[in-house]
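Step one of this worksheet: look at the structure below.
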Amino acid sequence: MKPLGRQLFVVLVCLACISPAIAAEPLVDASWVRTNLGKPGIVFLDVRSFGAYRAAHVPGAVYTNYGRDGWRVKKGGVPGMLPSLKHLEKLIGGLGIGNDSHVVILPGGYSSGEMGVATRIYWTLKTVGLETVSILNGGMESYLDAKKPPLEKGAPRPVRSVFKADFQPRYLATADDVKAALSGQGKLIDHRPNDQFVGVNKSGQVKRHGTLPGAVNLPGKWTTIDDGGVFRDAKTLKILFDAVGAPIQGQTIAFCNTGHWASLGWFVQHEILGNKKVRMYDGSLADWATTNSNPMDRKISIR
């Protein structure tokens, strides 16, 4: 082989090796999962209950517990906050995930709230610098619906890897960013249920009723079809955002009570609708409402 031909061959081989990472899509389907079983560099991350995982899971998938493993932690009395980078490096590396891994998150697929587990972990992985992340659209429910899907039982221990965090502040909004948005430097979208948005009810994790002044409400449940595990397509999402006056372009902050419902809103804006300027307020109203001088708007005031 001539030198130029040899160089071209090497380049093509290298591109073939890295193409799965480059081509990583935010959403994959059950067929994609079956096609990519056992391929190097792909880590399937099961986020269902441990009992469901142990009974039957995607071959080679590793398990993590959303609550007990510390994907979110309490800081200054505020629940649901992003953990320290050191904690996340240990957690992520301990699951066999390295900086070059393509992580495919496998939720159950039973409800939008449960899909929020996947989107919150997805956002966290992006925030610490892992760019190649996907979610199984429809969750494990769609995978198990196939005829004789490949399955594995038990709970094998993952092979520990090394993960080095590279913090990406463009994904994270703070209370100061919210204050800037209140002064006209951005838009605010509340992804909680409407009864909480208008102030009829509130979460026990939030100290005051109401929402952020000027915010519009697009409940997280709207982001999936019939409150299930399949995300709505871009065309439908645009209709829903337009219906409530929620922007899909420009500086936007997604929030809720503790950054769970908001992760659904962030995901559909950033990854499906392509708004790369949307950020998520992880502390959300659980953080904001602790400071009495921070304004809140209660649209319906009752006891």
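Every chain in the structure tokens has a letter given in the order shown (A, B, ...), and although residue numbers restart at 1 in each chain, ligands are simply numbered from 1 in the order shown.
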
Shell around Met81 of chain A at 10 Å using only C-alpha atoms, local window under 6 positions removed, as an MDAnalysis selection string
chainID A and resid 70:75 258:259 281:284 286:287

Could you save those same residues with N, CA and C atoms as a tab-separated table (two decimals), in the first residue's frame?
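As written to disk, part-v8.tsv reads:
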```tsv
chain	number	residue	atom	x	y	z
A	70	GLY	N	-26.85	8.94	45.36
A	70	GLY	CA	-26.44	10.34	45.49
A	70	GLY	C	-26.29	11.10	44.19
A	71	TRP	N	-27.20	10.87	43.25
A	71	TRP	CA	-27.21	11.69	42.05
A	71	TRP	C	-27.65	13.12	42.38
A	72	ARG	N	-28.39	13.27	43.48
A	72	ARG	CA	-28.77	14.58	44.01
A	72	ARG	C	-28.52	14.57	45.51
A	73	VAL	N	-28.10	15.71	46.05
A	73	VAL	CA	-27.78	15.76	47.48
A	73	VAL	C	-28.39	17.01	48.11
A	74	LYS	N	-28.43	17.01	49.42
A	74	LYS	CA	-28.90	18.18	50.16
A	74	LYS	C	-27.72	19.09	50.46
A	75	LYS	N	-27.89	20.37	50.14
A	75	LYS	CA	-26.86	21.38	50.42
A	75	LYS	C	-27.51	22.57	51.12
A	258	THR	N	-37.47	20.89	42.82
A	258	THR	CA	-36.10	20.49	43.18
A	258	THR	C	-35.28	20.07	41.96
A	259	GLY	N	-35.69	20.46	40.77
A	259	GLY	CA	-34.91	20.13	39.58
A	259	GLY	C	-35.16	18.75	39.01
A	281	TYR	N	-32.26	25.19	36.67
A	281	TYR	CA	-32.02	25.62	38.04
A	281	TYR	C	-32.21	24.40	38.93
A	282	ASP	N	-31.11	23.77	39.34
A	282	ASP	CA	-31.24	22.49	40.04
A	282	ASP	C	-31.87	22.65	41.42
A	283	GLY	N	-31.56	23.71	42.14
A	283	GLY	CA	-32.20	23.94	43.44
A	283	GLY	C	-33.65	24.34	43.31
A	284	SER	N	-33.98	24.99	42.20
A	284	SER	CA	-35.33	25.44	41.88
A	284	SER	C	-36.00	26.15	43.06
A	286	ALA	N	-37.19	25.11	45.83
A	286	ALA	CA	-36.75	24.67	47.16
A	286	ALA	C	-35.58	25.54	47.63
A	287	ASP	N	-34.78	25.99	46.70
A	287	ASP	CA	-33.66	26.88	47.02
A	287	ASP	C	-34.13	28.34	47.07
```

Taking 3 positions as the minimum chain separation for residues in the same chain, which residues sit within 12 Å of Asp145 of chain A when counting only C-alpha atoms? Answer as a list in words.
Asp29, Ala30, Ser31, Gly109, Gly138, Gly139, Met140, Glu141, Ser142, Lys148, Pro149 and Pro150 of chain A

How about saving the chosen residues, C-alpha atoms kept, as a compact mmCIF listing (two decimals), in the first residue's frame?
```txt
# COMPACT_ATOMS: atom_id res chain seq x y z
CA ASP A 29 -35.17 3.11 20.56
CA ALA A 30 -35.34 -0.52 21.62
CA SER A 31 -34.11 -1.69 18.21
CA GLY A 109 -40.83 3.98 30.80
CA GLY A 138 -40.17 4.40 25.85
CA GLY A 139 -37.90 2.94 28.51
CA MET A 140 -37.54 -0.73 29.35
CA GLU A 141 -41.26 -1.15 28.76
CA SER A 142 -40.60 -0.71 25.02
CA LYS A 148 -37.99 -12.51 22.94
CA PRO A 149 -35.73 -9.56 23.78
CA PRO A 150 -32.23 -10.48 24.97
```

Restricting to only C-alpha atoms, whichever of A:Ala146, A:Leu85, A:Leu240, A:Leu182 is closest to Pro219 of chain A is A:Leu240

List the spatial neighbours of segment 114-118 of chain A as a CSV table (one decimal) with N, CA and C atoms, in the first residue's frame - criterion: any atom at most 7 Å away, only C-alpha atoms, same-chain residues fewer than 4 positions off excluded.
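Saved result, around.csv, follows:
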```csv
chain,number,residue,atom,x,y,z
A,66,TYR,N,-31.2,6.0,41.8
A,66,TYR,CA,-31.3,7.5,41.7
A,66,TYR,C,-31.2,8.2,43.1
A,105,ILE,N,-29.1,5.5,29.0
A,105,ILE,CA,-29.9,5.4,30.3
A,105,ILE,C,-31.2,4.7,30.0
A,107,PRO,N,-34.6,3.9,31.7
A,107,PRO,CA,-35.6,4.0,32.7
A,107,PRO,C,-36.7,2.9,32.5
A,109,GLY,N,-40.0,3.6,31.9
A,109,GLY,CA,-40.8,4.0,30.8
A,109,GLY,C,-42.3,4.0,31.1
A,110,TYR,N,-42.6,4.1,32.5
A,110,TYR,CA,-44.0,3.9,32.9
A,110,TYR,C,-44.7,5.3,33.0
A,122,TYR,N,-29.2,12.4,32.9
A,122,TYR,CA,-28.7,12.8,31.7
A,122,TYR,C,-28.1,14.2,31.8
A,135,ILE,N,-30.9,8.4,26.0
A,135,ILE,CA,-32.0,7.8,26.8
A,135,ILE,C,-32.8,6.9,25.9
A,229,GLY,N,-43.9,6.9,28.8
A,229,GLY,CA,-42.4,6.9,28.6
A,229,GLY,C,-41.9,7.3,27.3
A,260,HIS,N,-36.3,18.2,39.3
A,260,HIS,CA,-36.7,16.9,38.7
A,260,HIS,C,-37.6,17.1,37.5
A,261,TRP,N,-38.8,17.7,37.7
A,261,TRP,CA,-39.6,18.0,36.6
A,261,TRP,C,-38.9,19.0,35.6
A,263,SER,N,-35.9,19.0,34.7
A,263,SER,CA,-35.0,18.2,33.8
A,263,SER,C,-35.7,17.8,32.6
A,264,LEU,N,-37.0,17.4,32.7
A,264,LEU,CA,-37.7,17.1,31.5
A,264,LEU,C,-37.9,18.2,30.6
```

Skip Ser203 of chain A itself and residues of its chain fewer than 6 positions away, then list as an MDAnalysis selection string all residues within 10 Å of it, counting only C-alpha atoms.
chainID A and resid 192 196 209 256:258 285:286

Hey, which bits of segment 121-167 of chain A sit within 12 Å of segment 39-42 of chain A, and for each residue what's the closest pair of atoms and how far apart in Å (one decimal), counting only C-alpha atoms, rows by chain and increasing number, as a Markdown table?
```
| residue | atom | partner | partner_atom | distance |
| --- | --- | --- | --- | --- |
| A:Thr132 | CA | A:Ile42 | CA | 9.5 |
| A:Val133 | CA | A:Ile42 | CA | 9.6 |
| A:Ser134 | CA | A:Ile42 | CA | 10.3 |
| A:Ser161 | CA | A:Gly41 | CA | 11.6 |
```

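Here the question is which of A:Glu25, A:Leu125, A:Lys153, A:Val200 gets nearest to Arg303 of chain A using only C-alpha atoms, and that residue is A:Val200.
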